[in-house]
$ cat run_22.tsv   # TSV, C-alpha atoms
chain	number	residue	atom	x	y	z
A	1	MET	CA	-10.26	13.93	20.53
A	2	ASP	CA	-9.06	16.84	22.72
A	3	LEU	CA	-7.08	19.91	21.63
A	4	HIS	CA	-3.76	18.35	22.65
A	5	ASP	CA	-4.37	15.23	20.52
A	6	ALA	CA	-5.45	17.36	17.57
A	7	GLN	CA	-2.26	19.40	17.83
A	8	GLU	CA	-0.14	16.22	17.98
A	9	ARG	CA	-1.82	14.87	14.84
A	10	THR	CA	-1.30	18.15	13.01
A	11	GLU	CA	2.37	18.27	13.97
A	12	ALA	CA	2.85	14.62	12.97
A	13	ALA	CA	1.23	15.24	9.59
A	14	GLU	CA	3.49	18.25	9.05
A	15	ARG	CA	6.56	16.15	9.86
A	16	GLN	CA	5.48	13.51	7.35
A	17	ALA	CA	4.95	16.15	4.66
A	18	PHE	CA	8.43	17.54	5.38
A	19	VAL	CA	10.04	14.08	5.08
A	20	ARG	CA	8.23	13.36	1.81
A	21	HIS	CA	9.31	16.70	0.35
A	22	GLU	CA	12.93	16.37	1.45
A	23	LEU	CA	13.26	12.83	0.07
A	24	ARG	CA	11.79	13.71	-3.31
A	25	THR	CA	13.39	17.13	-3.91
A	26	PRO	CA	16.88	15.87	-4.91
A	27	LEU	CA	15.35	13.42	-7.38
A	28	ALA	CA	13.36	16.24	-8.97
A	29	VAL	CA	16.70	17.83	-9.87
A	30	ILE	CA	18.70	14.70	-10.72
A	31	GLN	CA	16.27	12.97	-13.06
A	32	PRO	CA	15.75	15.83	-15.58
A	33	LEU	CA	19.50	16.47	-15.72
A	34	LEU	CA	20.14	12.79	-16.42
A	35	GLY	CA	17.57	12.92	-19.19
A	36	MET	CA	19.30	15.90	-20.79
A	37	LEU	CA	22.67	14.14	-20.71
A	38	LEU	CA	21.31	10.92	-22.16
A	39	ASP	CA	19.31	12.52	-24.98
A	40	GLY	CA	22.23	14.72	-26.06
A	41	THR	CA	20.66	18.06	-25.09
A	42	ALA	CA	23.70	18.89	-22.95
A	43	GLY	CA	26.18	17.98	-25.69
A	44	PRO	CA	27.81	14.85	-27.12
A	45	LEU	CA	29.18	12.13	-24.85
A	46	GLY	CA	31.34	9.09	-25.46
A	47	GLU	CA	29.92	5.58	-25.34
A	48	LYS	CA	31.60	4.85	-21.98
A	49	GLN	CA	30.11	7.96	-20.40
A	50	LEU	CA	26.67	7.01	-21.76
A	51	GLU	CA	27.05	3.52	-20.30
A	52	TYR	CA	27.77	4.99	-16.86
A	53	LEU	CA	24.88	7.42	-17.15
A	54	ARG	CA	22.45	4.63	-18.07
A	55	MET	CA	23.62	2.71	-15.01
A	56	LEU	CA	23.12	5.82	-12.91
A	57	GLU	CA	19.65	6.35	-14.40
A	58	ARG	CA	18.60	2.78	-13.49
A	59	ASN	CA	19.74	3.21	-9.91
A	60	VAL	CA	18.11	6.63	-9.55
A	61	GLY	CA	14.89	5.03	-10.80
A	62	ARG	CA	15.28	2.30	-8.21
A	63	LEU	CA	15.81	4.89	-5.48
A	64	ALA	CA	12.70	6.77	-6.62
A	65	GLY	CA	10.72	3.54	-6.37
A	66	MET	CA	11.98	2.93	-2.84
A	67	ILE	CA	11.07	6.44	-1.73
A	68	THR	CA	7.59	6.07	-3.22
A	69	SER	CA	7.20	2.71	-1.50
A	70	LEU	CA	8.29	4.16	1.84
A	71	VAL	CA	5.90	7.10	1.63
A	72	GLU	CA	2.90	5.23	0.21
A	73	SER	CA	3.20	2.21	2.53
A	74	GLY	CA	2.19	4.35	5.50
A	75	TRP	CA	5.12	3.15	7.61
A	76	LEU	CA	6.18	6.70	8.44
A	77	GLU	CA	2.63	7.59	9.39
A	78	ILE	CA	1.94	4.70	11.76
A	79	ALA	CA	5.21	5.48	13.50
A	80	ALA	CA	4.27	9.11	14.04
A	81	LEU	CA	0.51	9.52	14.24
A	82	PRO	CA	-1.35	8.90	17.49
A	83	SER	CA	-4.50	6.78	17.29
A	84	GLU	CA	-7.86	8.44	16.84
A	85	LEU	CA	-10.68	6.10	17.87
A	86	ALA	CA	-14.02	6.57	16.17
A	87	GLU	CA	-16.94	4.55	14.84
A	88	ILE	CA	-16.20	3.72	11.20
A	89	PRO	CA	-18.91	2.71	8.70
A	90	VAL	CA	-17.61	-0.35	6.86
A	91	ALA	CA	-19.02	0.74	3.49
A	92	GLY	CA	-17.32	4.12	3.75
A	93	LEU	CA	-14.01	2.54	4.74
A	94	VAL	CA	-14.04	0.17	1.77
A	95	GLN	CA	-15.20	2.74	-0.77
A	96	GLU	CA	-12.64	5.34	0.35
A	97	ALA	CA	-9.77	2.83	0.21
A	98	VAL	CA	-10.81	1.72	-3.29
A	99	ALA	CA	-11.15	5.33	-4.47
A	100	ASP	CA	-7.68	6.09	-3.12
A	101	VAL	CA	-6.18	3.16	-5.05
A	102	ARG	CA	-7.95	4.15	-8.26
A	103	ALA	CA	-6.67	7.70	-7.92
A	104	SER	CA	-3.07	6.79	-7.11
A	105	LEU	CA	-2.31	3.98	-9.61
A	106	ASP	CA	-2.13	4.51	-13.36
A	107	GLU	CA	-2.97	1.10	-14.79
A	108	ILE	CA	-5.03	-1.22	-12.62
A	109	PRO	CA	-7.41	-4.14	-13.05
A	110	ARG	CA	-11.14	-3.75	-12.58
A	111	ILE	CA	-12.02	-3.36	-8.89
A	112	GLU	CA	-15.42	-4.63	-7.76
A	113	VAL	CA	-16.98	-3.84	-4.37
A	114	ARG	CA	-19.47	-6.18	-2.68
A	115	LEU	CA	-20.93	-5.15	0.65
A	116	GLU	CA	-23.39	-6.94	2.88
A	117	ASP	CA	-26.31	-4.75	3.94
A	118	GLU	CA	-26.56	-3.13	7.37
A	119	LEU	CA	-23.12	-4.00	8.69
A	120	PRO	CA	-22.32	-2.69	12.17
A	121	PRO	CA	-19.54	-0.09	12.27
A	122	LEU	CA	-15.96	-0.79	13.26
A	123	ARG	CA	-14.24	1.08	16.06
A	124	GLY	CA	-10.73	2.28	15.50
A	125	ASP	CA	-8.53	4.83	13.80
A	126	PRO	CA	-10.15	5.50	10.40
A	127	HIS	CA	-6.91	6.83	8.87
A	128	ARG	CA	-4.90	3.76	9.80
A	129	LEU	CA	-7.56	1.20	8.88
A	130	ARG	CA	-8.03	2.87	5.50
A	131	ARG	CA	-4.25	2.69	5.05
A	132	ALA	CA	-4.20	-1.02	5.90
A	133	LEU	CA	-6.97	-1.84	3.42
A	134	ARG	CA	-5.42	0.37	0.75
A	135	ASN	CA	-2.10	-1.47	1.06
A	136	VAL	CA	-3.81	-4.84	0.66
A	137	ILE	CA	-5.70	-3.65	-2.43
A	138	VAL	CA	-2.52	-2.18	-3.95
A	139	ASN	CA	-0.79	-5.53	-3.41
A	140	ALA	CA	-3.66	-7.33	-5.15
A	141	CYS	CA	-3.47	-4.91	-8.08
A	142	SER	CA	0.29	-5.50	-8.38
A	143	LEU	CA	-0.34	-9.25	-8.77
A	144	THR	CA	-3.19	-8.87	-11.27
A	145	PRO	CA	-2.98	-7.92	-14.97
A	146	PRO	CA	-5.13	-5.02	-16.23
A	147	THR	CA	-7.52	-7.57	-17.75
A	148	GLY	CA	-8.10	-9.23	-14.36
A	149	THR	CA	-10.33	-8.37	-11.43
A	150	VAL	CA	-9.82	-7.43	-7.80
A	151	THR	CA	-12.88	-7.91	-5.59
A	152	VAL	CA	-13.22	-6.15	-2.23
A	153	SER	CA	-16.04	-7.52	-0.09
A	154	ALA	CA	-17.29	-7.10	3.47
A	155	ARG	CA	-19.70	-9.19	5.52
A	156	ARG	CA	-20.34	-10.36	9.04
A	157	ALA	CA	-17.73	-12.91	10.06
A	158	ASP	CA	-18.50	-16.34	11.47
A	159	ARG	CA	-17.12	-15.12	14.79
A	160	GLU	CA	-19.87	-13.14	16.51
A	161	GLY	CA	-19.34	-9.39	16.60
A	162	SER	CA	-16.68	-9.36	13.89
A	163	ILE	CA	-16.52	-8.01	10.36
A	164	LEU	CA	-14.70	-9.86	7.57
A	165	ILE	CA	-13.19	-7.80	4.76
A	166	ARG	CA	-11.74	-9.79	1.88
A	167	VAL	CA	-9.59	-8.77	-1.05
A	168	ASP	CA	-9.60	-11.40	-3.80
A	169	ASP	CA	-7.76	-11.15	-7.09
A	170	THR	CA	-7.49	-13.19	-10.28
A	171	GLY	CA	-3.75	-12.62	-10.64
A	172	ARG	CA	-0.64	-14.73	-10.70
A	173	GLY	CA	-0.84	-15.77	-7.07
A	174	VAL	CA	1.89	-16.12	-4.48
A	175	ALA	CA	4.35	-19.03	-4.40
A	176	PRO	CA	3.70	-21.51	-1.54
A	177	ASP	CA	7.10	-20.82	0.03
A	178	GLU	CA	6.33	-17.07	0.08
A	179	ALA	CA	2.77	-17.14	1.46
A	180	SER	CA	3.92	-17.35	5.09
A	181	LEU	CA	6.42	-14.50	4.64
A	182	VAL	CA	4.40	-11.79	2.88
A	183	PHE	CA	3.63	-9.89	6.10
A	184	ASP	CA	7.25	-9.82	7.27
A	185	PHE	CA	9.09	-6.50	7.39
A	186	GLY	CA	10.93	-5.85	4.14
A	187	PHE	CA	9.83	-9.04	2.38
A	188	GLN	CA	9.41	-8.87	-1.39
A	189	GLY	CA	8.09	-11.77	-3.39
A	190	ALA	CA	9.01	-12.74	-6.92
A	191	ALA	CA	6.54	-10.23	-8.41
A	192	GLY	CA	8.08	-7.37	-6.45
A	193	ARG	CA	11.63	-8.35	-7.34
A	194	GLU	CA	10.78	-8.38	-11.04
A	195	ARG	CA	9.52	-4.78	-11.07
A	196	GLU	CA	11.96	-2.20	-12.42
A	197	ALA	CA	11.11	0.27	-9.64
A	198	ARG	CA	11.26	-2.02	-6.62
A	199	GLY	CA	9.72	-1.02	-3.34
A	200	LEU	CA	10.80	-1.80	0.20
A	201	GLY	CA	8.37	-4.57	1.08
A	202	LEU	CA	6.51	-2.53	3.71
A	203	GLY	CA	2.91	-2.43	2.51
A	204	LEU	CA	1.61	-5.73	3.89
A	205	PHE	CA	3.78	-5.41	7.00
A	206	VAL	CA	2.11	-2.08	7.76
A	207	ALA	CA	-1.32	-3.61	7.09
A	208	ARG	CA	-0.63	-6.43	9.55
A	209	GLU	CA	0.60	-4.06	12.25
A	210	ILE	CA	-2.50	-1.87	11.94
A	211	VAL	CA	-4.91	-4.81	11.94
A	212	HIS	CA	-3.25	-6.40	14.97
A	213	ALA	CA	-3.28	-3.06	16.81
A	214	HIS	CA	-7.07	-3.04	16.34
A	215	GLY	CA	-7.47	-6.52	17.79
A	216	GLY	CA	-7.97	-8.08	14.39
A	217	ARG	CA	-6.50	-10.86	12.29
A	218	ILE	CA	-5.14	-10.90	8.74
A	219	ARG	CA	-4.13	-13.83	6.58
A	220	LEU	CA	-3.26	-14.59	2.98
A	221	GLU	CA	-4.13	-17.65	0.94
A	222	SER	CA	-3.05	-18.36	-2.62
A	223	PRO	CA	-4.30	-21.71	-3.94
A	224	SER	CA	-2.50	-22.80	-7.08
A	225	GLY	CA	-4.07	-21.19	-10.14
A	226	ASP	CA	-6.69	-19.32	-8.10
A	227	GLY	CA	-5.21	-15.89	-7.47
A	228	THR	CA	-4.59	-14.46	-4.02
A	229	HIS	CA	-7.08	-14.00	-1.18
A	230	VAL	CA	-6.46	-11.77	1.84
A	231	SER	CA	-8.89	-11.84	4.77
A	232	ILE	CA	-9.04	-9.09	7.39
A	233	GLU	CA	-11.20	-9.82	10.43
A	234	LEU	CA	-11.90	-6.93	12.78
A	235	PRO	CA	-14.10	-6.55	15.84
A	236	SER	CA	-17.12	-4.34	15.32
A	237	SER	CA	-18.02	-1.48	17.67
A	238	THR	CA	-20.69	-3.72	19.20
A	239	THR	CA	-18.17	-6.31	20.38
$ encode --input "run_22.tsv" --output "structure tokens"
Amino acid sequence: MDLHDAQERTEAAERQAFVRHELRTPLAVIQPLLGMLLDGTAGPLGEKQLEYLRMLERNVGRLAGMITSLVESGWLEIAALPSELAEIPVAGLVQEAVADVRASLDEIPRIEVRLEDELPPLRGDPHRLRRALRNVIVNACSLTPPTGTVTVSARRADREGSILIRVDDTGRGVAPDEASLVFDFGFQGAAGREREARGLGLGLFVAREIVHAHGGRIRLESPSGDGTHVSIELPSSTT
């Protein structure tokens, strides 16, 4: 990566940090003030005013969830950051994505990692591929109760020169009529719609775009009563 590319990446990262800060700053003011009004710290209010404030609090919470979804999905980043091609050890990619999920989510199921020995490296943008895998793991965690398990595995694929990374969970699964839509821009399944702080349905869309940009394939299967299984097949650096 030459000096010009490095400067572009630095500037893009700075723009993303600016956007994240600007989106979250108003909420950092609004939410504490709402709390003070609702708990009576700012003085007594009538029942009608409290009703309106509770409605406002729900919608501010929804907005906060959307902003978090936008930032954490990586959509802003893939739109702004140029690609950086490098050889990527598969074990490192998987372990870093899992560590990121564990650090960023409060209550998650057990995550197991299973790696085949001596896998050839991938070639691509390590930041983007880690983002894609992270999004798939986050989706699996959202479908799985804390008592369940998410398994992230990697092995040589049946297709010569390819690596297969799978994310399998023991969660509620995806409805048959939703399985073909989960990678569409903005799509949210039943599980996403039921959450109080709804996202924007960008995580799996971003994962698909990154995988396709690397010449790979991604698909989701959810057999009835058997959780959800996402397969990511990517060409290795030896292909």
$ residues_near_point --input "run_22.tsv" --point "(-23.1, 3.4, 5.7)" --cutoff "9 Å" --atoms "all atoms listed in the file" --output "list in words"
Ile88, Pro89, Val90, Ala91, Gly92, Asp117, Glu118, Leu119, Pro120 and Pro121 of chain A
$ closest_residue --input "run_22.tsv" --among "A:Gly46, A:Gly61, A:Gly186, A:Gly225" --to "Gly201 in chain A" --atoms "all atoms listed in the file"
A:Gly186
$ closest_residue --input "run_22.tsv" --among "A:His214, A:Arg219, A:Arg102, A:Lys48" --to "Ser237 in chain A" --atoms "only C-alpha atoms"
A:His214
$ atom_distance --input "run_22.tsv" --atom1 "CA of Gly189 in chain A" --atom2 "CA of Ala175 in chain A"
8.2 Å
$ closest_residue --input "run_22.tsv" --among "A:Arg128, A:Arg159, A:Arg20, A:Arg58" --to "Gly35 in chain A" --atoms "all atoms listed in the file"
A:Arg58
$ atom_distance --input "run_22.tsv" --atom1 "CA of Arg156 in chain A" --atom2 "CA of Leu143 in chain A"
26.8 Å
$ atom_distance --input "run_22.tsv" --atom1 "CA of Glu178 in chain A" --atom2 "CA of Arg62 in chain A"
22.9 Å
$ axis_aligned_box --input "run_22.tsv" --around "range 207-226 of chain A" --padding-each-side "4 Å" --output "AutoDock Vina command-line options"
--center_x -3.7 --center_y -12.3 --center_z 3.8 --size_x 16.6 --size_y 28.9 --size_z 35.9
$ residues_around --input "run_22.tsv" --residues "Gly161 in chain A" --least-positions-apart "4" --cutoff "8 Å" --atoms "only C-alpha atoms" --output "ChimeraX atom specification"
/A:156-157,235-236,238-239
$ closest_residue --input "run_22.tsv" --among "A:Leu34, A:Leu164, A:Leu45, A:Val182" --to "Val60 in chain A" --atoms "all atoms listed in the file"
A:Leu34
$ residues_around --input "run_22.tsv" --residues "range 146-149 of chain A" --least-positions-apart "5" --cutoff "10 Å" --atoms "all atoms listed in the file" --output "list in words"
Glu107, Ile108, Pro109, Arg110, Ile111, Glu112, Ala140, Cys141, Asp168, Asp169, Thr170, Gly171, Arg172 and Gly227 of chain A
$ closest_residue --input "run_22.tsv" --among "A:Leu202, A:Arg166, A:Thr41, A:Thr151" --to "Thr68 in chain A" --atoms "only C-alpha atoms"
A:Leu202
